[in-house]
>>> print(open('coords_13.cif').read())   # mmCIF, C-alpha atoms and all ligand atoms
data_target
loop_
_atom_site.label_atom_id
_atom_site.label_comp_id
_atom_site.auth_asym_id
_atom_site.auth_seq_id
_atom_site.Cartn_x
_atom_site.Cartn_y
_atom_site.Cartn_z
CA MET A 29 82.01 105.49 81.14
CA ALA A 30 85.66 106.54 81.33
CA ALA A 31 87.97 103.66 82.26
CA SER A 32 90.51 104.18 85.04
CA SER A 33 94.12 104.35 83.93
CA TRP A 34 94.85 101.07 85.73
CA HIS A 35 91.78 99.25 84.42
CA GLN A 36 92.47 96.29 82.09
CA GLY A 37 89.52 95.56 79.89
CA TRP A 38 88.57 92.13 78.66
CA ASP A 39 89.41 91.14 75.15
CA ILE A 40 85.97 89.89 74.10
CA THR A 41 84.14 89.58 70.82
CA ASP A 42 81.36 91.94 69.76
CA GLU A 43 78.82 89.13 70.24
CA GLU A 44 79.99 88.48 73.80
CA ARG A 45 79.90 92.21 74.53
CA GLU A 46 76.32 92.31 73.26
CA VAL A 47 75.32 89.47 75.62
CA TYR A 48 76.74 91.38 78.60
CA ARG A 49 75.08 94.61 77.44
CA LYS A 50 71.66 92.97 77.17
CA ARG A 51 72.04 91.25 80.55
CA SER A 52 73.02 94.48 82.19
CA GLN A 53 70.14 96.39 80.57
CA ALA A 54 67.61 93.78 81.75
CA SER A 55 69.00 93.96 85.25
CA SER A 56 68.85 97.78 85.27
CA ARG A 57 65.20 97.66 84.16
CA ALA A 58 64.30 95.14 86.89
CA LYS A 59 66.09 97.24 89.48
CA ALA A 60 64.33 100.48 88.45
CA GLN A 61 61.01 98.66 88.60
CA ALA A 62 61.77 97.30 92.08
CA ILE A 63 62.81 100.70 93.40
CA ARG A 64 59.53 102.18 92.12
CA GLY A 65 57.81 99.57 94.31
CA GLU A 66 56.67 97.54 91.29
CA GLY A 67 58.93 94.52 91.84
CA ARG A 68 58.40 91.28 93.73
CA THR A 69 57.17 91.53 97.30
CA PRO A 70 60.24 91.95 99.53
CA ILE A 71 61.26 88.80 101.40
CA HIS A 72 63.99 90.06 103.73
CA PRO A 73 63.42 92.83 106.28
CA ILE A 74 65.99 95.65 106.24
CA ASN A 75 68.92 94.27 108.23
CA VAL A 76 70.52 95.86 111.26
CA PRO A 77 74.21 94.79 111.41
CA GLN A 78 75.58 93.27 114.62
CA LEU A 79 79.22 94.01 113.83
CA ASN A 80 80.48 97.44 114.85
CA PRO A 81 84.04 97.69 113.49
CA ASP A 82 84.75 100.65 115.80
CA ASP A 83 84.66 98.17 118.69
CA LEU A 84 87.64 96.40 117.11
CA MET A 85 89.77 99.53 117.10
CA PRO A 86 89.21 101.66 120.20
CA GLN A 87 90.43 105.23 119.61
CA LEU A 88 93.90 105.59 121.18
CA ALA A 89 95.33 108.86 122.46
CA SER A 90 97.79 110.66 120.19
CA ASN A 91 101.15 108.89 120.13
CA GLY A 92 102.87 111.93 118.63
CA TRP A 93 103.80 110.21 115.34
CA ARG A 94 102.83 111.89 112.08
CA SER A 95 101.70 109.64 109.21
CA LEU A 96 101.57 110.24 105.46
CA SER A 97 99.31 108.03 103.36
CA LEU A 98 100.02 107.05 99.75
CA PHE A 99 97.49 105.11 97.62
CA SER A 100 94.87 105.87 100.26
CA GLY A 101 91.88 104.47 98.36
CA GLY A 102 88.78 104.33 100.54
CA GLY A 103 90.94 104.89 103.61
CA GLY A 104 91.31 101.47 105.27
CA LEU A 105 94.89 102.14 106.32
CA ASP A 106 94.19 105.80 107.05
CA LEU A 107 91.35 104.93 109.41
CA GLY A 108 93.36 102.21 111.21
CA PHE A 109 96.32 104.55 111.75
CA ASP A 110 94.02 107.38 112.82
CA ARG A 111 92.35 105.26 115.49
CA ALA A 112 95.73 103.95 116.63
CA GLY A 113 96.70 107.51 117.61
CA PHE A 114 98.78 108.66 114.61
CA THR A 115 98.43 112.25 113.43
CA HIS A 116 97.30 112.37 109.82
CA VAL A 117 99.52 114.52 107.57
CA ALA A 118 98.01 113.94 104.11
CA SER A 119 96.41 111.33 101.85
CA TYR A 120 97.09 110.77 98.14
CA ASP A 121 95.04 108.75 95.65
CA ILE A 122 94.56 109.16 91.92
CA LEU A 123 90.89 108.14 92.08
CA PRO A 124 88.76 111.31 92.45
CA GLU A 125 86.06 109.41 94.40
CA SER A 126 88.63 108.33 97.00
CA GLY A 127 89.46 111.97 97.61
CA ILE A 128 85.78 112.80 98.06
CA THR A 129 85.20 109.82 100.37
CA LEU A 130 88.06 110.86 102.65
CA ARG A 131 87.10 114.55 102.67
CA ASN A 132 83.51 113.63 103.54
CA VAL A 133 84.39 111.39 106.47
CA ARG A 134 87.34 113.46 107.73
CA PRO A 135 86.80 117.09 106.63
CA GLU A 136 89.75 118.21 108.75
CA TRP A 137 92.27 116.04 106.83
CA THR A 138 94.50 117.20 103.98
CA VAL A 139 93.47 115.02 101.05
CA PHE A 140 94.72 114.99 97.46
CA GLY A 141 92.46 113.09 95.05
CA GLY A 142 92.34 112.72 91.28
CA GLU A 143 95.15 114.39 89.31
CA GLN A 144 96.44 116.12 92.43
CA GLY A 145 96.59 112.76 94.18
CA ASP A 146 98.79 111.15 91.54
CA VAL A 147 101.88 110.13 93.51
CA THR A 148 104.04 110.08 90.40
CA GLN A 149 103.75 113.88 90.21
CA VAL A 150 104.62 114.73 93.81
CA ASP A 151 107.93 116.19 95.00
CA TRP A 152 108.11 114.49 98.40
CA ARG A 153 111.04 116.61 99.61
CA ASP A 154 108.44 119.17 100.72
CA TYR A 155 107.49 116.75 103.51
CA ARG A 156 110.98 116.48 104.99
CA GLY A 157 110.82 116.97 108.73
CA LEU A 158 107.02 116.80 108.71
CA VAL A 159 106.47 113.05 108.58
CA ASP A 160 107.45 110.15 110.85
CA ILE A 161 105.82 107.28 109.02
CA ILE A 162 104.72 106.68 105.44
CA HIS A 163 102.16 103.99 104.83
CA GLY A 164 100.62 102.84 101.62
CA GLY A 165 99.06 99.94 99.79
CA PRO A 166 100.29 100.25 96.20
CA PRO A 167 98.06 98.56 93.63
CA CYS A 168 98.44 94.79 93.87
CA GLN A 169 97.34 93.94 90.32
CA PRO A 170 100.92 93.68 88.95
CA PHE A 171 101.67 91.01 91.58
CA SER A 172 98.35 89.43 92.46
CA VAL A 173 97.83 85.77 91.57
CA ALA A 174 94.38 86.89 90.43
CA GLY A 175 96.01 89.07 87.76
CA ARG A 176 98.49 88.73 84.93
CA GLN A 177 101.51 89.07 87.26
CA GLN A 178 103.57 91.27 84.97
CA GLY A 179 105.41 92.83 87.91
CA LYS A 180 107.54 95.78 86.90
CA GLU A 181 106.42 95.43 83.28
CA ASP A 182 102.94 96.46 84.42
CA SER A 183 102.46 100.23 84.21
CA ARG A 184 100.47 100.06 87.45
CA ASP A 185 103.54 98.93 89.39
CA MET A 186 103.77 101.67 92.00
CA PHE A 187 106.32 100.10 94.35
CA PRO A 188 109.14 102.24 92.88
CA GLU A 189 107.02 105.33 93.56
CA PHE A 190 106.53 104.30 97.17
CA ILE A 191 110.27 103.84 97.58
CA ARG A 192 110.90 107.21 95.90
CA ALA A 193 108.69 108.88 98.51
CA VAL A 194 110.62 107.19 101.32
CA LEU A 195 113.97 108.18 99.82
CA GLU A 196 112.95 111.75 99.11
CA ILE A 197 111.53 112.36 102.56
CA HIS A 198 114.25 110.62 104.46
CA LEU A 199 115.90 107.24 104.69
CA PRO A 200 117.40 105.50 107.68
CA THR A 201 121.17 105.61 107.28
CA ASP A 202 123.01 102.51 106.11
CA LYS A 203 124.31 102.13 109.62
CA VAL A 204 120.88 101.60 111.18
CA LYS A 205 119.12 100.02 108.19
CA PRO A 206 119.94 96.38 109.10
CA HIS A 207 118.69 97.01 112.59
CA VAL A 208 115.42 98.42 111.26
CA GLN A 209 114.95 95.53 108.87
CA LEU A 210 116.10 92.62 110.98
CA ASP A 211 115.24 93.58 114.51
CA LEU A 212 112.28 95.87 114.19
CA PHE A 213 110.23 94.41 111.37
CA SER A 214 110.43 91.05 113.07
CA LEU A 215 108.62 92.62 116.03
CA LEU A 216 105.59 93.15 113.78
CA ASP A 217 104.76 89.43 113.79
CA PRO A 218 101.47 88.84 115.62
CA SER A 219 102.27 87.55 119.09
CA GLU A 220 98.78 86.85 120.30
CA THR A 221 96.19 84.27 119.44
CA LEU A 222 93.46 85.62 117.22
CA GLN A 223 89.99 85.64 118.66
CA PRO A 224 87.02 83.92 117.02
CA CYS A 225 85.46 85.80 114.12
CA MET A 226 81.91 86.71 113.26
CA GLY A 227 80.35 85.04 110.26
CA VAL A 228 78.77 87.11 107.51
CA ARG A 229 75.19 86.49 108.56
CA GLU A 230 75.86 87.33 112.18
CA ALA A 231 77.85 90.44 111.22
CA LEU A 232 75.03 91.69 109.00
CA GLY A 233 72.33 90.87 111.55
CA LEU A 234 70.64 88.24 109.36
CA PRO A 235 68.52 85.44 110.84
CA ASP A 236 70.19 82.16 111.81
CA ILE A 237 69.85 79.58 109.02
CA GLY A 238 72.08 76.99 110.66
CA PHE A 239 75.10 78.02 108.58
CA ASP A 240 77.50 80.95 108.77
CA ALA A 241 81.01 81.56 107.45
CA LEU A 242 83.69 84.19 107.03
CA SER A 243 83.08 86.49 104.11
CA PRO A 244 84.64 85.42 100.84
CA THR A 245 86.97 88.09 99.43
CA ILE A 246 85.00 91.17 98.44
CA ARG A 247 86.14 91.69 94.88
CA SER A 248 87.17 95.22 93.96
CA SER A 249 84.96 96.15 91.05
CA LEU A 250 87.54 98.64 89.79
CA THR A 251 90.34 96.26 89.02
CA GLY A 252 88.82 93.29 87.22
CA PRO A 253 88.25 93.02 83.51
CA ARG A 254 84.81 94.64 83.77
CA HIS A 255 83.36 97.29 86.05
CA THR A 256 80.44 95.57 87.74
CA THR A 257 78.30 95.78 90.82
CA SER A 258 79.19 92.22 91.79
CA VAL A 259 81.58 91.38 94.60
CA LEU A 260 81.95 87.78 93.51
CA SER A 261 85.64 86.88 93.38
CA SER A 262 85.80 83.19 92.45
CA VAL A 263 83.89 79.96 91.94
CA SER A 264 84.66 78.85 95.49
CA ALA A 265 83.37 82.22 96.74
CA GLN A 266 80.15 81.64 94.81
CA LYS A 267 79.63 78.33 96.63
CA ILE A 268 80.04 80.03 100.00
CA TRP A 269 77.66 82.89 99.12
CA GLU A 270 75.10 80.30 98.01
CA LYS A 271 75.37 78.39 101.29
CA LEU A 272 75.06 81.70 103.11
CA GLN A 273 71.90 82.40 101.06
CA ILE A 274 73.36 85.75 100.07
CA TRP A 275 73.32 87.16 96.53
CA PRO A 276 76.73 88.71 95.76
CA ASN A 277 75.78 90.27 92.40
CA GLY A 278 73.94 93.49 91.66
CA VAL A 279 74.89 95.05 95.00
CA ALA A 280 72.39 97.79 95.87
CA LEU A 281 73.28 101.37 96.76
CA ASN A 282 71.64 101.12 100.18
CA ARG A 283 69.68 98.71 102.40
CA GLU A 284 66.30 100.07 101.39
CA GLN A 285 66.97 99.39 97.71
CA ALA A 286 68.40 95.94 98.51
CA HIS A 287 65.19 95.16 100.41
CA LEU A 288 62.99 96.21 97.48
CA PHE A 289 65.06 94.59 94.72
CA VAL A 290 64.40 90.91 95.42
CA ALA A 291 67.02 88.54 93.98
CA ASP A 292 65.67 85.93 91.55
CA ASN A 293 66.67 83.07 93.85
CA GLY A 294 65.22 84.80 96.93
CA HIS A 295 68.60 85.15 98.62
CA PHE A 296 69.49 88.24 100.67
CA ARG A 297 70.81 91.04 98.41
CA LEU A 298 73.90 92.90 99.62
CA SER A 299 74.10 96.69 99.75
CA VAL A 300 77.17 98.98 99.69
CA PRO A 301 76.98 99.60 103.48
CA ASP A 302 76.80 95.83 104.07
CA CYS A 303 79.95 95.27 101.98
CA ALA A 304 81.64 98.06 103.95
CA ILE A 305 80.76 96.27 107.21
CA LEU A 306 82.20 93.01 105.85
CA GLN A 307 85.44 94.82 105.05
CA CYS A 308 85.23 96.18 108.63
CA PHE A 309 84.51 99.86 107.94
CA PRO A 310 82.25 101.46 110.54
CA GLN A 311 78.82 102.62 109.42
CA SER A 312 79.90 106.27 109.73
CA TRP A 313 82.48 105.76 106.91
CA SER A 314 80.46 106.35 103.72
CA PHE A 315 81.92 105.90 100.25
CA ASP A 316 81.57 108.34 97.39
CA GLY A 317 80.66 107.40 93.84
CA ALA A 318 78.41 105.05 91.90
CA VAL A 319 77.98 101.55 93.34
CA TYR A 320 80.88 100.05 91.38
CA LYS A 321 83.21 102.88 92.43
CA ALA A 322 82.23 102.51 96.10
CA LEU A 323 82.72 98.73 95.88
CA GLY A 324 86.08 99.36 94.23
CA GLN A 325 87.23 101.41 97.22
CA ILE A 326 85.86 98.84 99.66
CA GLY A 327 87.29 95.77 97.92
CA ASN A 328 90.67 97.44 97.55
CA ALA A 329 90.90 98.41 101.19
CA VAL A 330 92.97 97.00 104.00
CA PRO A 331 90.36 96.15 106.66
CA PRO A 332 90.74 99.06 109.11
CA PRO A 333 90.99 96.90 112.28
CA MET A 334 93.88 95.06 110.68
CA ALA A 335 95.53 98.37 109.76
CA TYR A 336 94.91 99.42 113.36
CA ARG A 337 96.73 96.39 114.75
CA VAL A 338 99.66 97.01 112.43
CA ALA A 339 99.69 100.70 113.37
CA VAL A 340 99.67 99.96 117.11
CA SER A 341 102.48 97.50 116.59
CA ILE A 342 104.50 99.98 114.54
CA ALA A 343 104.03 102.69 117.16
CA SER A 344 105.48 100.38 119.77
CA CYS A 345 108.43 99.47 117.49
CA VAL A 346 109.17 103.09 116.68
CA GLY A 347 109.10 103.89 120.38
CA ARG A 348 111.58 101.12 121.09
CA PHE A 349 113.74 102.14 118.16
CA LEU A 350 113.99 105.71 119.38
CA GLU A 351 115.07 104.51 122.79
CA LEU A 352 118.02 102.87 121.03
CA LYS A 353 118.37 105.48 118.36
CA GLU A 354 121.58 106.25 116.61
CA SER A 355 120.29 108.82 114.14
CA ASP A 356 118.49 112.06 114.86
CA GLN A 357 115.61 111.43 112.57
CA PHE A 358 114.34 108.74 110.29
CA VAL A 359 111.19 107.86 108.50
CA PHE A 360 109.58 104.54 109.12
CA SER A 361 107.76 103.23 106.11
CA THR A 362 105.48 100.34 105.61
CA ILE A 363 103.98 98.83 102.53
CA ILE A 364 100.95 96.85 103.45
CA LEU A 365 99.81 94.32 100.94
CA ASN A 366 96.11 93.88 101.18
CA ARG A 367 95.44 90.67 103.04
CA HIS A 368 91.97 89.39 103.28
CA PHE A 369 91.36 89.24 106.99
CA LYS A 370 87.61 89.33 107.17
CA ASN A 371 85.41 90.27 110.09
CA TYR A 372 88.49 90.33 112.27
CA ARG A 373 87.41 90.44 115.87
CA GLY A 374 90.92 90.99 117.20
C1 LIG B 1 95.07 98.64 97.00
S1 LIG B 1 94.35 100.22 96.76
C2 LIG B 1 94.75 101.03 98.27
C3 LIG B 1 93.82 100.71 99.41
C4 LIG B 1 94.05 101.52 100.63
N1 LIG B 1 95.40 101.33 101.13
C5 LIG B 1 93.07 101.15 101.74
O1 LIG B 1 93.48 100.56 102.74
O2 LIG B 1 91.87 101.48 101.61
C6 LIG B 1 95.48 100.98 95.63
C7 LIG B 1 95.12 102.42 95.33
O3 LIG B 1 96.18 102.99 94.54
C8 LIG B 1 95.61 104.05 93.80
N2 LIG B 1 96.55 104.47 92.75
C9 LIG B 1 96.91 103.81 91.63
N3 LIG B 1 97.81 104.54 90.93
C10 LIG B 1 98.04 105.69 91.64
C11 LIG B 1 98.87 106.85 91.45
N4 LIG B 1 99.64 106.99 90.37
N5 LIG B 1 98.82 107.82 92.36
C12 LIG B 1 98.04 107.70 93.47
N6 LIG B 1 97.23 106.64 93.71
C13 LIG B 1 97.23 105.64 92.81
C14 LIG B 1 94.29 103.43 93.31
O4 LIG B 1 93.35 104.43 92.96
C15 LIG B 1 93.84 102.61 94.53
O5 LIG B 1 92.92 103.33 95.31
#
>>> encode(input="coords_13.cif", output="structure tokens")
Amino acid sequence: MAASSWHQGWDITDEEREVYRKRSQASSRAKAQAIRGEGRTPIHPINVPQLNPDDLMPQLASNGWRSLSLFSGGGGLDLGFDRAGFTHVASYDILPESGITLRNVRPEWTVFGGEQGDVTQVDWRDYRGLVDIIHGGPPCQPFSVAGRQQGKEDSRDMFPEFIRAVLEIHLPTDKVKPHVQLDLFSLLDPSETLQPCMGVREALGLPDIGFDALSPTIRSSLTGPRHTTSVLSSVSAQKIWEKLQIWPNGVALNREQAHLFVADNGHFRLSVPDCAILQCFPQSWSFDGAVYKALGQIGNAVPPPMAYRVAVSIASCVGRFLELKESDQFVFSTIILNRHFKNYRG
């Protein structure tokens, strides 16, 4: 299995590696057996989710603004901006599966994936005059408290690349920059009270067990020390999954396989479409690639309804800015750090 360029492997001994290898082989055998119908009798019926993320982001009419997406991943930001009425210009991501995901769900979009999606190789001046807003979620590993926090010493630090794109396409002049930063960004603060959220069990349409909770962070399987099919992010997350009676490891490709592959402790096994629902992607948004690659795109994503709220807010700011405008043209850019707003019912 080829490692991604931004993947940081674990420094483990040969013996430890052997333990993981054996565990993973045993799990693969049990899974194959279950899918052949030779596993334990299924306990949980195939679930029908209650949460429809599309309801959280009603499609808005075109607002006339054209958006360019960098580090598009599985498309959380792209989808939020799309539903908020922005016109999609292009998406860029170095992961080939991200390109395929976006082309599958939005065949009409211009999408650059894999080598062609590597933002470090793009001359952004070609987009001058064609873009009103640039959005992107550069990889957070160089900064995340869950990582080694090497900042600019980390080769995955893509913030300078994001800024290069902004500068090459266009930059607000020095005269208006303070206004953009001080007056307009402050308008992006949420002004309304957030509505109650759906718990995981309710969102996934699972029976009431007298306990429900927001989803723990769905770990991106691409960025940790090992590529796995687990979405478990921490010890505290494990406690919550246990109370939810949900098994966060060995996520199945689809609901049918999750139903057949009974977890040892009898808890409900997650599937890729269930994890997508928890990250607030609608059912129609399918992810390309093996389970760990799909989970990587999902766990890395900005939840689309959150992106949508930001996009709606930005559209209103840009509108207000242009009413006051002092320059003929500028590009509004936003870097959105992935925040873990789960099951947001906005
Ligand atoms: C945090 S994820 C982005 C998630 C995305 N904004 C969303 O909402 O779904 C960061 C992405 O940066 C991509 N990436 C890393 N280095 C890149 C590069 N040099 N060029 C383009 N994309 C890159 C990774 O493949 C990953 O999908």
>>> residues_around(input="coords_13.cif", residues="stretch 112-128 of chain A", least_positions_apart="3", cutoff="7 Å", atoms="only C-alpha atoms", output="VMD selection string")
chain A and resid 87 to 102 108 to 109 131 to 132 137 to 143 145 to 147 316 to 317 336 339 to 340
>>> axis_aligned_box(input="coords_13.cif", around="ligand LIG 1 (chain B)", padding_each_side="6 Å", output="JSON")
{"center_x": 95.8, "center_y": 103.2, "center_z": 96.6, "size_x": 19.8, "size_y": 21.2, "size_z": 24.4}
>>> atom_distance(input="coords_13.cif", atom1="atom CA of A:Trp152", atom2="atom CA of A:Pro135")
23.0 Å
>>> atom_distance(input="coords_13.cif", atom1="atom CA of A:Thr256", atom2="atom CA of A:Tyr320")
5.8 Å
>>> closest_residue(input="coords_13.cif", among="A:Leu242, A:Met334, A:Leu234, A:Met186", to="A:Phe296", atoms="only C-alpha atoms")
A:Leu234
>>> atom_distance(input="coords_13.cif", atom1="atom CA of A:Gln325", atom2="atom S1 of ligand LIG 1 (chain B)")
7.2 Å
>>> closest_residue(input="coords_13.cif", among="A:Val47, A:Leu195, A:Ala62, A:Val76", to="A:Pro301", atoms="only C-alpha atoms")
A:Val76
>>> residues_near_point(input="coords_13.cif", point="(73.0, 92.2, 115.5)", cutoff="8 Å", atoms="only C-alpha atoms", output="PyMOL selection string")
chain A and resi 76-79+230-234
>>> closest_residue(input="coords_13.cif", among="A:Ile326, A:Val279, A:Met85, A:Leu272", to="ligand LIG 1 (chain B)", atoms="all atoms listed in the file")
A:Ile326
>>> residues_around(input="coords_13.cif", residues="A:Ala335", least_positions_apart="3", cutoff="8 Å", atoms="all atoms listed in the file", output="list in words")
Gly104, Leu105, Leu107, Gly108, Phe109, Val330, Pro331, Pro332, Val338 and Ala339 of chain A
>>> closest_residue(input="coords_13.cif", among="A:Phe315, A:Phe289, A:Trp275, A:Phe309", to="A:Arg64", atoms="all atoms listed in the file")
A:Phe289
>>> closest_residue(input="coords_13.cif", among="A:Asp110, A:Asp185, A:Asp292, A:Glu43", to="ligand LIG 1 (chain B)", atoms="only C-alpha atoms and all ligand atoms")
A:Asp185
